[in-house]
file coords.csv (CSV, C-alpha atoms)
chain,number,residue,atom,x,y,z
W,1,MET,CA,-22.4,90.6,12.1
W,2,GLY,CA,-20.7,90.4,15.5
W,3,ARG,CA,-17.3,88.8,16.0
W,4,LYS,CA,-18.9,85.9,17.9
W,5,PHE,CA,-21.3,85.1,15.0
W,6,ALA,CA,-18.4,85.5,12.5
W,7,GLU,CA,-16.3,83.0,14.4
W,8,ALA,CA,-19.2,80.5,14.6
W,9,ALA,CA,-19.8,80.8,10.9
W,10,GLU,CA,-16.1,80.3,10.1
W,11,ARG,CA,-16.0,77.2,12.3
W,12,LEU,CA,-19.1,75.7,10.6
W,13,MET,CA,-17.6,76.4,7.2
W,14,GLY,CA,-14.5,74.5,8.3
W,15,GLU,CA,-16.7,71.6,9.5
W,16,ALA,CA,-18.6,71.6,6.2
W,17,ALA,CA,-15.4,71.5,4.1
W,18,LEU,CA,-14.1,68.5,6.2
W,19,HIS,CA,-17.4,66.7,5.8
W,20,VAL,CA,-17.3,67.2,2.0
W,21,LYS,CA,-13.7,66.0,1.8
W,22,GLU,CA,-14.6,62.8,3.7
W,23,GLY,CA,-17.8,62.2,1.7
W,24,ARG,CA,-20.3,63.0,4.5
W,25,LEU,CA,-22.6,65.1,2.4
W,26,ASP,CA,-25.6,65.0,4.8
W,27,GLU,CA,-23.5,66.5,7.6
W,28,ALA,CA,-22.0,69.0,5.1
W,29,ALA,CA,-25.4,70.2,4.0
W,30,ASP,CA,-26.5,70.6,7.7
W,31,ALA,CA,-23.3,72.6,8.5
W,32,TYR,CA,-24.0,74.9,5.5
W,33,ARG,CA,-27.5,75.5,6.6
W,34,ARG,CA,-26.3,76.4,10.1
W,35,VAL,CA,-23.9,78.9,8.6
W,36,LEU,CA,-26.8,80.5,6.8
W,37,ARG,CA,-28.5,81.3,10.2
W,38,TYR,CA,-25.6,83.7,10.7
W,39,GLN,CA,-25.1,84.8,7.1
W,40,PRO,CA,-28.5,84.2,5.3
W,41,ASN,CA,-27.4,86.0,2.1
W,42,GLU,CA,-23.8,84.8,1.8
W,43,TRP,CA,-23.4,83.8,-1.8
W,44,ILE,CA,-20.6,81.3,-1.4
W,45,VAL,CA,-22.4,79.4,1.3
W,46,LEU,CA,-25.6,79.2,-0.8
W,47,ALA,CA,-23.5,78.0,-3.8
W,48,TYR,CA,-21.8,75.4,-1.8
W,49,LEU,CA,-25.0,74.2,-0.3
W,50,GLY,CA,-26.6,74.0,-3.7
W,51,ALA,CA,-23.7,71.9,-5.0
W,52,CYS,CA,-23.9,69.6,-2.0
W,53,GLU,CA,-27.6,69.1,-2.4
W,54,ARG,CA,-27.1,68.2,-6.1
W,55,PHE,CA,-24.6,65.5,-5.2
W,56,ARG,CA,-27.2,64.2,-2.7
W,57,GLY,CA,-29.8,64.1,-5.5
W,58,ARG,CA,-32.0,66.6,-3.8
W,59,TRP,CA,-32.8,68.6,-6.9
W,60,ASP,CA,-35.5,71.0,-5.4
W,61,ASP,CA,-33.3,71.9,-2.4
W,62,ALA,CA,-30.3,72.4,-4.7
W,63,GLU,CA,-32.3,74.7,-7.0
W,64,ARG,CA,-33.6,76.8,-4.1
W,65,ALA,CA,-30.1,77.4,-2.7
W,66,LEU,CA,-28.6,78.2,-6.1
W,67,ARG,CA,-31.4,80.6,-7.0
W,68,ARG,CA,-30.9,82.4,-3.8
W,69,ALA,CA,-27.2,82.6,-4.6
W,70,LEU,CA,-28.0,84.2,-8.0
W,71,VAL,CA,-30.1,86.9,-6.3
W,72,VAL,CA,-26.8,88.0,-4.7
W,73,ARG,CA,-24.6,87.5,-7.8
W,74,PRO,CA,-26.9,87.2,-10.8
W,75,GLU,CA,-24.3,86.3,-13.4
W,76,GLU,CA,-21.8,84.3,-11.4
W,77,HIS,CA,-20.7,81.7,-13.9
W,78,GLY,CA,-20.1,78.9,-11.4
W,79,THR,CA,-23.5,79.2,-9.9
W,80,LEU,CA,-25.1,79.3,-13.3
W,81,ASN,CA,-23.2,76.2,-14.3
W,82,GLU,CA,-24.2,74.4,-11.1
W,83,LEU,CA,-27.9,75.3,-11.6
W,84,GLY,CA,-27.6,74.0,-15.2
W,85,LEU,CA,-26.4,70.7,-13.9
W,86,VAL,CA,-29.3,70.5,-11.4
W,87,MET,CA,-31.8,71.2,-14.3
W,88,ALA,CA,-30.2,68.5,-16.4
W,89,ALA,CA,-30.2,66.0,-13.5
W,90,SER,CA,-33.9,66.6,-12.8
W,91,GLY,CA,-34.9,66.2,-16.5
W,92,ARG,CA,-35.3,69.9,-17.5
W,93,ARG,CA,-32.8,69.8,-20.4
W,94,LEU,CA,-33.9,73.0,-22.1
W,95,ASP,CA,-33.7,75.0,-18.9
W,96,ALA,CA,-30.3,73.4,-18.2
W,97,ILE,CA,-29.0,74.6,-21.6
W,98,ALA,CA,-30.3,78.1,-21.0
W,99,PHE,CA,-28.4,78.4,-17.7
W,100,LEU,CA,-25.2,76.9,-19.1
W,101,GLU,CA,-25.4,79.4,-22.0
W,102,ARG,CA,-25.6,82.2,-19.5
W,103,SER,CA,-22.6,80.7,-17.7
W,104,THR,CA,-20.5,80.7,-20.8
W,105,ARG,CA,-21.6,84.2,-21.8
W,106,SER,CA,-20.6,85.4,-18.3
W,107,ALA,CA,-17.2,83.7,-18.5
W,108,PRO,CA,-16.3,83.0,-22.1
W,109,GLY,CA,-13.1,81.1,-21.0
W,110,TYR,CA,-14.9,78.8,-18.5
W,111,LEU,CA,-14.1,75.4,-20.0
W,112,GLN,CA,-16.2,73.3,-17.6
W,113,GLY,CA,-19.3,75.3,-18.6
W,114,TRP,CA,-18.7,74.8,-22.3
W,115,CYS,CA,-18.1,71.1,-21.7
W,116,ASN,CA,-21.4,70.7,-19.8
W,117,LEU,CA,-23.2,72.7,-22.5
W,118,GLY,CA,-21.7,70.7,-25.3
W,119,LYS,CA,-22.8,67.4,-23.8
W,120,LEU,CA,-26.4,68.6,-23.6
W,121,LEU,CA,-26.4,70.1,-27.0
W,122,TYR,CA,-25.1,66.9,-28.4
W,123,VAL,CA,-27.9,64.9,-26.8
W,124,GLU,CA,-30.4,67.4,-28.2
W,125,ALA,CA,-29.0,67.0,-31.7
W,126,LEU,CA,-29.2,63.2,-31.5
W,127,GLU,CA,-32.8,63.3,-30.3
W,128,GLY,CA,-33.9,65.8,-32.9
W,129,GLY,CA,-34.6,68.7,-30.5
W,130,GLY,CA,-31.6,70.8,-31.5
W,131,SER,CA,-29.4,71.4,-34.5
W,132,ALA,CA,-26.1,69.5,-35.0
W,133,SER,CA,-24.4,72.8,-36.0
W,134,ARG,CA,-25.1,74.3,-32.6
W,135,ALA,CA,-23.4,71.4,-30.9
W,136,ILE,CA,-20.5,71.5,-33.4
W,137,ASP,CA,-20.0,75.2,-32.7
W,138,CYS,CA,-19.8,74.5,-29.0
W,139,PHE,CA,-17.3,71.7,-29.6
W,140,ASP,CA,-15.2,74.0,-31.7
W,141,ARG,CA,-15.1,76.5,-28.8
W,142,ILE,CA,-14.1,73.7,-26.3
W,143,LEU,CA,-11.3,72.7,-28.6
W,144,GLU,CA,-10.1,76.3,-28.9
W,145,LEU,CA,-9.9,76.5,-25.1
W,146,ASP,CA,-8.3,73.0,-24.7
W,147,PRO,CA,-7.2,71.0,-27.8
W,148,THR,CA,-6.6,68.0,-25.6
W,149,GLN,CA,-10.3,67.4,-25.1
W,150,HIS,CA,-10.3,64.3,-27.3
W,151,GLU,CA,-13.8,63.2,-26.4
W,152,PHE,CA,-15.3,66.3,-27.9
W,153,HIS,CA,-13.1,66.1,-31.0
W,154,PHE,CA,-14.5,62.6,-31.5
W,155,LEU,CA,-18.1,63.7,-30.9
W,156,ARG,CA,-17.6,66.6,-33.3
W,157,ASP,CA,-16.3,64.2,-35.9
W,158,ALA,CA,-19.4,62.0,-35.4
W,159,LEU,CA,-21.8,64.8,-35.9
W,160,ARG,CA,-20.0,66.1,-38.9
W,161,GLY,CA,-19.8,62.6,-40.5
W,162,ASP,CA,-16.0,62.7,-40.7
W,163,ALA,CA,-14.1,59.5,-41.5
W,164,VAL,CA,-12.7,58.1,-38.3
W,165,ALA,CA,-11.0,54.7,-37.9
W,166,ALA,CA,-11.2,54.4,-34.1
W,167,PRO,CA,-12.1,56.4,-30.9
W,168,PRO,CA,-9.4,58.3,-29.1
W,169,PRO,CA,-7.4,56.4,-26.5
W,170,GLY,CA,-9.2,56.1,-23.2
W,171,TYR,CA,-12.5,57.3,-24.6
W,172,VAL,CA,-14.4,54.0,-24.2
W,173,ALA,CA,-13.1,53.3,-20.7
W,174,ALA,CA,-14.1,56.8,-19.5
W,175,PHE,CA,-17.4,56.6,-21.2
W,176,PHE,CA,-18.4,53.4,-19.5
W,177,ASP,CA,-16.9,54.3,-16.1
W,178,ARG,CA,-19.3,57.2,-16.0
W,179,PHE,CA,-22.5,55.1,-16.0
W,180,ALA,CA,-21.3,51.6,-14.9
W,181,ALA,CA,-23.6,51.7,-11.8
W,182,SER,CA,-26.7,52.3,-13.9
W,183,PHE,CA,-25.7,50.3,-17.0
W,184,ASP,CA,-27.9,47.3,-16.5
W,185,ASP,CA,-31.0,49.3,-15.7
W,186,LYS,CA,-30.5,51.8,-18.5
W,187,VAL,CA,-29.4,49.4,-21.3
W,188,ALA,CA,-31.2,46.2,-20.6
W,189,GLY,CA,-34.3,48.0,-19.2
W,190,ARG,CA,-35.0,51.4,-20.7
W,191,LEU,CA,-33.2,50.8,-24.0
W,192,ALA,CA,-34.4,47.3,-24.6
W,193,TYR,CA,-30.9,45.9,-25.2
W,194,SER,CA,-31.4,42.4,-26.7
W,195,ALA,CA,-27.9,41.1,-27.9
W,196,PRO,CA,-27.4,38.5,-25.1
W,197,GLU,CA,-30.8,36.9,-25.8
W,198,VAL,CA,-30.2,36.8,-29.5
W,199,ALA,CA,-26.7,35.3,-29.0
W,200,ALA,CA,-28.0,32.7,-26.6
W,201,ALA,CA,-30.5,31.5,-29.1
W,202,MET,CA,-27.9,31.3,-31.9
W,203,LEU,CA,-25.4,29.5,-29.6
W,204,ALA,CA,-27.9,27.1,-28.2
W,205,PRO,CA,-26.7,24.0,-30.1
W,206,LEU,CA,-23.2,24.5,-28.8
W,207,LEU,CA,-24.1,25.6,-25.3
W,208,GLU,CA,-26.5,22.8,-24.7
W,209,ALA,CA,-24.0,20.1,-25.7
W,210,ARG,CA,-20.9,21.3,-23.8
W,211,ARG,CA,-19.8,21.9,-20.2
W,212,ASP,CA,-16.0,22.2,-20.9
W,213,LEU,CA,-15.7,25.3,-23.0
W,214,SER,CA,-12.9,27.8,-22.7
W,215,VAL,CA,-14.6,31.1,-23.3
W,216,LEU,CA,-13.3,34.6,-23.8
W,217,ASP,CA,-15.8,37.4,-23.2
W,218,LEU,CA,-14.5,40.6,-24.9
W,219,GLY,CA,-15.9,43.8,-23.6
W,220,CYS,CA,-17.6,41.8,-20.9
W,221,GLY,CA,-19.2,44.9,-19.3
W,222,THR,CA,-21.3,44.0,-16.2
W,223,GLY,CA,-21.6,40.4,-17.2
W,224,LEU,CA,-24.8,40.3,-19.3
W,225,SER,CA,-23.0,38.3,-22.0
W,226,GLY,CA,-21.1,36.1,-19.6
W,227,ALA,CA,-24.3,34.9,-18.0
W,228,ILE,CA,-25.5,33.2,-21.1
W,229,VAL,CA,-22.4,31.0,-21.4
W,230,ARG,CA,-21.4,30.3,-17.8
W,231,PRO,CA,-23.2,26.9,-17.6
W,232,ALA,CA,-21.3,25.6,-20.6
W,233,ALA,CA,-17.9,27.1,-19.6
W,234,ALA,CA,-15.1,25.3,-17.7
W,235,ARG,CA,-13.2,28.6,-17.8
W,236,LEU,CA,-14.7,32.0,-18.5
W,237,VAL,CA,-12.4,35.0,-18.9
W,238,GLY,CA,-13.7,38.5,-19.2
W,239,VAL,CA,-11.9,41.6,-20.4
W,240,ASP,CA,-13.0,45.2,-20.4
W,241,ALA,CA,-11.4,48.6,-20.6
W,242,SER,CA,-13.6,50.1,-17.9
W,243,GLU,CA,-12.8,49.4,-14.2
W,244,GLY,CA,-16.3,50.5,-13.3
W,245,MET,CA,-17.8,47.8,-15.4
W,246,LEU,CA,-15.3,45.2,-14.2
W,247,GLU,CA,-16.4,46.0,-10.6
W,248,ARG,CA,-19.9,45.1,-11.5
W,249,ALA,CA,-18.8,42.0,-13.3
W,250,ARG,CA,-16.8,40.8,-10.3
W,251,ALA,CA,-19.9,41.1,-8.1
W,252,THR,CA,-21.7,38.6,-10.3
W,253,GLY,CA,-19.2,35.8,-9.5
W,254,LEU,CA,-19.6,34.6,-13.1
W,255,TYR,CA,-16.0,34.9,-14.2
W,256,ASP,CA,-13.0,32.8,-13.4
W,257,HIS,CA,-10.8,35.7,-14.3
W,258,LEU,CA,-11.3,39.3,-15.2
W,259,GLU,CA,-8.8,41.6,-16.8
W,260,ARG,CA,-8.7,45.3,-17.5
W,261,ASP,CA,-7.3,46.1,-20.9
W,262,GLU,CA,-8.0,47.6,-24.3
W,263,LEU,CA,-9.3,45.1,-26.8
W,264,GLN,CA,-6.4,45.0,-29.3
W,265,PRO,CA,-3.5,44.8,-26.8
W,266,PHE,CA,-5.3,42.0,-25.0
W,267,LEU,CA,-5.9,40.0,-28.1
W,268,ASP,CA,-2.3,40.5,-29.3
W,269,ALA,CA,-1.1,39.0,-26.0
W,270,VAL,CA,-3.6,36.1,-25.6
W,271,GLY,CA,-2.5,32.6,-26.3
W,272,ALA,CA,-2.9,31.2,-29.8
W,273,GLY,CA,-5.4,28.3,-30.4
W,274,ALA,CA,-6.7,28.2,-26.8
W,275,GLN,CA,-10.3,29.3,-27.0
W,276,ASP,CA,-13.4,27.3,-27.8
W,277,LEU,CA,-15.6,30.4,-28.0
W,278,VAL,CA,-15.1,34.1,-28.1
W,279,LEU,CA,-18.0,36.6,-27.4
W,280,ALA,CA,-18.0,40.2,-28.6
W,281,LEU,CA,-21.5,41.6,-28.0
W,282,ASP,CA,-21.9,45.3,-28.6
W,283,VAL,CA,-18.1,45.7,-28.7
W,284,PHE,CA,-17.2,46.5,-32.3
W,285,ILE,CA,-19.4,49.5,-32.3
W,286,TYR,CA,-16.7,51.1,-30.1
W,287,VAL,CA,-13.8,49.9,-32.2
W,288,GLY,CA,-14.2,51.0,-35.8
W,289,ALA,CA,-11.7,49.4,-38.1
W,290,LEU,CA,-11.7,45.6,-37.6
W,291,ASP,CA,-8.7,44.7,-39.9
W,292,ARG,CA,-6.5,43.7,-36.9
W,293,VAL,CA,-9.3,42.6,-34.5
W,294,LEU,CA,-10.8,39.7,-36.5
W,295,PRO,CA,-7.4,38.1,-37.4
W,296,ALA,CA,-6.4,38.3,-33.7
W,297,ILE,CA,-9.6,36.6,-32.7
W,298,ALA,CA,-9.1,33.9,-35.3
W,299,ARG,CA,-5.6,33.3,-33.9
W,300,ALA,CA,-7.0,32.9,-30.4
W,301,LEU,CA,-9.5,30.2,-31.5
W,302,ARG,CA,-8.6,26.5,-31.7
W,303,ALA,CA,-9.7,24.6,-34.8
W,304,GLY,CA,-13.5,24.4,-34.7
W,305,GLY,CA,-13.7,27.2,-32.2
W,306,GLN,CA,-16.4,29.8,-32.7
W,307,VAL,CA,-16.8,33.6,-32.4
W,308,ILE,CA,-20.1,35.4,-32.1
W,309,PHE,CA,-20.4,39.1,-32.3
W,310,SER,CA,-22.9,41.9,-32.9
W,311,LEU,CA,-22.7,44.9,-35.2
W,312,GLU,CA,-24.8,47.9,-35.8
W,313,LYS,CA,-25.8,47.5,-39.5
W,314,LEU,CA,-24.5,49.8,-42.1
W,315,LYS,CA,-26.3,49.9,-45.4
W,316,GLY,CA,-23.3,51.3,-47.3
W,317,GLU,CA,-19.8,49.9,-47.6
W,318,GLY,CA,-17.1,49.4,-45.0
W,319,TYR,CA,-17.7,51.0,-41.7
W,320,ARG,CA,-18.7,54.5,-40.5
W,321,LEU,CA,-18.8,56.6,-37.3
W,322,ALA,CA,-22.5,57.5,-36.7
W,323,PRO,CA,-23.7,60.7,-35.0
W,324,SER,CA,-24.4,58.5,-32.0
W,325,GLY,CA,-20.6,58.1,-31.5
W,326,ARG,CA,-20.9,54.4,-32.3
W,327,PHE,CA,-19.6,52.6,-35.4
W,328,ALA,CA,-21.7,50.8,-37.9
W,329,HIS,CA,-20.3,48.1,-40.2
W,330,SER,CA,-21.5,46.5,-43.4
W,331,TYR,CA,-21.9,42.8,-43.7
W,332,ALA,CA,-19.6,42.7,-46.8
W,333,TYR,CA,-16.8,44.5,-44.9
W,334,VAL,CA,-16.9,42.0,-42.0
W,335,GLU,CA,-17.4,38.9,-44.2
W,336,GLY,CA,-14.3,39.8,-46.3
W,337,LEU,CA,-12.1,40.2,-43.2
W,338,ALA,CA,-13.5,37.1,-41.6
W,339,LEU,CA,-12.8,34.9,-44.6
W,340,ALA,CA,-9.3,36.3,-45.0
W,341,ALA,CA,-8.6,35.4,-41.4
W,342,GLY,CA,-9.6,31.8,-41.9
W,343,LEU,CA,-13.1,32.0,-40.5
W,344,ARG,CA,-16.2,30.5,-42.1
W,345,GLY,CA,-19.7,31.8,-41.5
W,346,LEU,CA,-22.1,29.6,-39.5
W,347,GLY,CA,-25.1,32.0,-39.2
W,348,ALA,CA,-26.3,35.5,-39.4
W,349,ARG,CA,-29.4,37.2,-37.9
W,350,GLU,CA,-30.8,40.7,-38.3
W,351,PHE,CA,-32.4,42.2,-35.1
W,352,ALA,CA,-32.9,45.4,-33.2
W,353,VAL,CA,-30.1,45.6,-30.7
W,354,ARG,CA,-31.5,48.6,-28.7
W,355,GLU,CA,-33.6,51.7,-28.9
W,356,ASP,CA,-32.1,55.0,-29.7
W,357,ALA,CA,-34.2,58.1,-29.1
W,358,GLY,CA,-37.2,55.8,-29.2
W,359,ARG,CA,-36.2,54.1,-32.5
W,360,PRO,CA,-35.0,50.6,-33.0
W,361,VAL,CA,-31.3,50.3,-34.0
W,362,PRO,CA,-30.8,47.7,-36.8
W,363,ALA,CA,-28.1,45.2,-36.1
W,364,LEU,CA,-26.5,41.9,-37.2
W,365,MET,CA,-25.5,38.9,-35.0
W,366,LEU,CA,-22.9,36.8,-36.8
W,367,ILE,CA,-21.2,33.5,-35.9
W,368,TYR,CA,-18.0,32.2,-37.5
W,369,GLU,CA,-16.0,29.1,-37.0
W,370,ARG,CA,-12.2,28.7,-37.4
W,371,GLY,CA,-11.4,26.1,-40.0
call {"tool": "encode", "arguments": {"input": "coords.csv", "output": "structure tokens"}}
result
Amino acid sequence: MGRKFAEAAERLMGEAALHVKEGRLDEAADAYRRVLRYQPNEWIVLAYLGACERFRGRWDDAERALRRALVVRPEEHGTLNELGLVMAASGRRLDAIAFLERSTRSAPGYLQGWCNLGKLLYVEALEGGGSASRAIDCFDRILELDPTQHEFHFLRDALRGDAVAAPPPGYVAAFFDRFAASFDDKVAGRLAYSAPEVAAAMLAPLLEARRDLSVLDLGCGTGLSGAIVRPAAARLVGVDASEGMLERARATGLYDHLERDELQPFLDAVGAGAQDLVLALDVFIYVGALDRVLPAIARALRAGGQVIFSLEKLKGEGYRLAPSGRFAHSYAYVEGLALAAGLRGLGAREFAVREDAGRPVPALMLIYERG
């Protein structure tokens, strides 16, 4: 390649890097394609173009560029990893796993490749398409490379059935930040999430009679639970650990105040005897032990105030971390804590809270009143 062409290619690569940095992915992809006119088999340009096209959601274009890059460097671990991510995004999970396994074989110390592989093997194990031991072995390797990967430690515990009292700090916030933008569509739509509707039916006598309630919505998410109580609330406060979810809740205009905080620290600081109603729908499944949570909620309620919450139903005793990474609780465990906290039961309903791998998830909706 002549000096003139080399200088043109270098200039275009600089332009592409600037476009990527500033989020102009369309312009970046165009610049990479123009570089390829001068250097049609340049591996790094093809790899960058493939990654750019993946971020644009153009799976076919990304795959073509990355496969061309692999012709030049067949076992380059970064390209294999990127192609695995493209396959996963386009719904070809088994192909994704195969490419990610090649990536980790090519570079056994490549942490990102192992993490991406672990996530897919975990989903395969949950949906019955793969073995839990395969995912656990992958998690073990991740933790050998980086013991601070607390998310994978937690998921490994879930698959192994280990006794766990709570998720690691920051886990819930990071989990919901990742899919806040698609939460309503995925959960309420594809997964048939029903907790708000069930809660609304059980709360109807209270909500129809009042317009002056002080309401606290714990784990408010995008506002699905807040919507059912807004007409009856003089003041509606939402709290969530995920900033991504709070951004969605702000856009609804439902809340008088929103606060980012973990559940227990927030409850420990909330004023005593100030709330008429506390909601915690699909929240305790990410908490685990409730021995501090329920007394704190009881303290926040005024006399005659109510709390309604949902649980994934555990047939055994106490509570348990399920392979899904969510906690299930027994009715007896919750009832004992509620009574000890000065709460009396007003009602209980069994229902299917969502679908998981096409199967309904059995749940309980419970209402208690502070005496």
call {"tool": "atom_distance", "arguments": {"input": "coords.csv", "atom1": "atom CA of W:Arg370", "atom2": "atom CA of W:Glu335"}}
result
13.3 Å
call {"tool": "atom_distance", "arguments": {"input": "coords.csv", "atom1": "atom CA of W:Leu111", "atom2": "atom CA of W:Gly130"}}
result
21.4 Å
call {"tool": "atom_distance", "arguments": {"input": "coords.csv", "atom1": "atom CA of W:Ser225", "atom2": "atom CA of W:Met202"}}
result
13.1 Å
call {"tool": "closest_residue", "arguments": {"input": "coords.csv", "among": "W:Gly113, W:Gly345, W:Pro108, W:Gly288", "to": "W:Pro168", "atoms": "all atoms listed in the file"}}
result
W:Gly288
call {"tool": "residues_near_point", "arguments": {"input": "coords.csv", "point": "(-24.8, 39.9, -36.3)", "cutoff": "9 Å", "atoms": "all atoms listed in the file", "output": "ChimeraX atom specification"}}
result
/W:199,308-313,331,347-351,363-367
call {"tool": "residues_near_point", "arguments": {"input": "coords.csv", "point": "(-21.7, 63.0, -42.2)", "cutoff": "12 Å", "atoms": "all atoms listed in the file", "output": "ChimeraX atom specification"}}
result
/W:132-133,155-164,320-325
call {"tool": "closest_residue", "arguments": {"input": "coords.csv", "among": "W:Pro360, W:Pro169, W:Gly223, W:Gly109", "to": "W:Leu145", "atoms": "only C-alpha atoms"}}
result
W:Gly109
call {"tool": "closest_residue", "arguments": {"input": "coords.csv", "among": "W:Arg54, W:Ala107, W:Thr252, W:Asp95", "to": "W:Leu121", "atoms": "only C-alpha atoms"}}
result
W:Asp95
call {"tool": "closest_residue", "arguments": {"input": "coords.csv", "among": "W:Leu258, W:Ala180, W:Leu279, W:Cys220", "to": "W:Ala200", "atoms": "all atoms listed in the file"}}
result
W:Leu279
call {"tool": "closest_residue", "arguments": {"input": "coords.csv", "among": "W:Leu263, W:Leu117, W:Val198, W:Val72", "to": "W:Leu85", "atoms": "all atoms listed in the file"}}
result
W:Leu117
call {"tool": "residues_around", "arguments": {"input": "coords.csv", "residues": "W:Ser242", "least_positions_apart": "5", "cutoff": "8 Å", "atoms": "only C-alpha atoms", "output": "list in words"}}
result
Val172, Ala173, Ala174, Phe176, Asp177, Gly221 and Arg260 of chain W
call {"tool": "closest_residue", "arguments": {"input": "coords.csv", "among": "W:Ala47, W:Val307, W:Val270, W:Leu120", "to": "W:Gly91", "atoms": "all atoms listed in the file"}}
result
W:Leu120
call {"tool": "residues_around", "arguments": {"input": "coords.csv", "residues": "W:Asp261", "least_positions_apart": "6", "cutoff": "8 Å", "atoms": "all atoms listed in the file", "output": "list in words"}}
result
Val239, Asp240 and Ala241 of chain W
call {"tool": "residues_around", "arguments": {"input": "coords.csv", "residues": "W:Arg73", "least_positions_apart": "6", "cutoff": "12 Å", "atoms": "only C-alpha atoms", "output": "PyMOL selection string"}}
result
chain W and resi 41-44+46-47+66-67+79-80+106
call {"tool": "write_last_selection", "arguments": {"input": "coords.csv", "atoms": "C-alpha atoms", "output": "PDB file, keeping the file's coordinate frame"}}
result
ATOM      1  CA  ASN W  41     -27.400  86.000   2.100  1.00  0.00           C
ATOM      2  CA  GLU W  42     -23.800  84.800   1.800  1.00  0.00           C
ATOM      3  CA  TRP W  43     -23.400  83.800  -1.800  1.00  0.00           C
ATOM      4  CA  ILE W  44     -20.600  81.300  -1.400  1.00  0.00           C
ATOM      5  CA  LEU W  46     -25.600  79.200  -0.800  1.00  0.00           C
ATOM      6  CA  ALA W  47     -23.500  78.000  -3.800  1.00  0.00           C
ATOM      7  CA  LEU W  66     -28.600  78.200  -6.100  1.00  0.00           C
ATOM      8  CA  ARG W  67     -31.400  80.600  -7.000  1.00  0.00           C
ATOM      9  CA  THR W  79     -23.500  79.200  -9.900  1.00  0.00           C
ATOM     10  CA  LEU W  80     -25.100  79.300 -13.300  1.00  0.00           C
ATOM     11  CA  SER W 106     -20.600  85.400 -18.300  1.00  0.00           C
TER      12      SER W 106
END
call {"tool": "residues_around", "arguments": {"input": "coords.csv", "residues": "stretch 214-219 of chain W", "least_positions_apart": "3", "cutoff": "7 Å", "atoms": "only C-alpha atoms", "output": "PyMOL selection string"}}
result
chain W and resi 226+233-240+275-280+283
call {"tool": "residues_around", "arguments": {"input": "coords.csv", "residues": "W:Lys315", "least_positions_apart": "3", "cutoff": "10 Å", "atoms": "only C-alpha atoms", "output": "NGL selection string"}}
result
:W and (312 or 318-319 or 328-332 or 362)
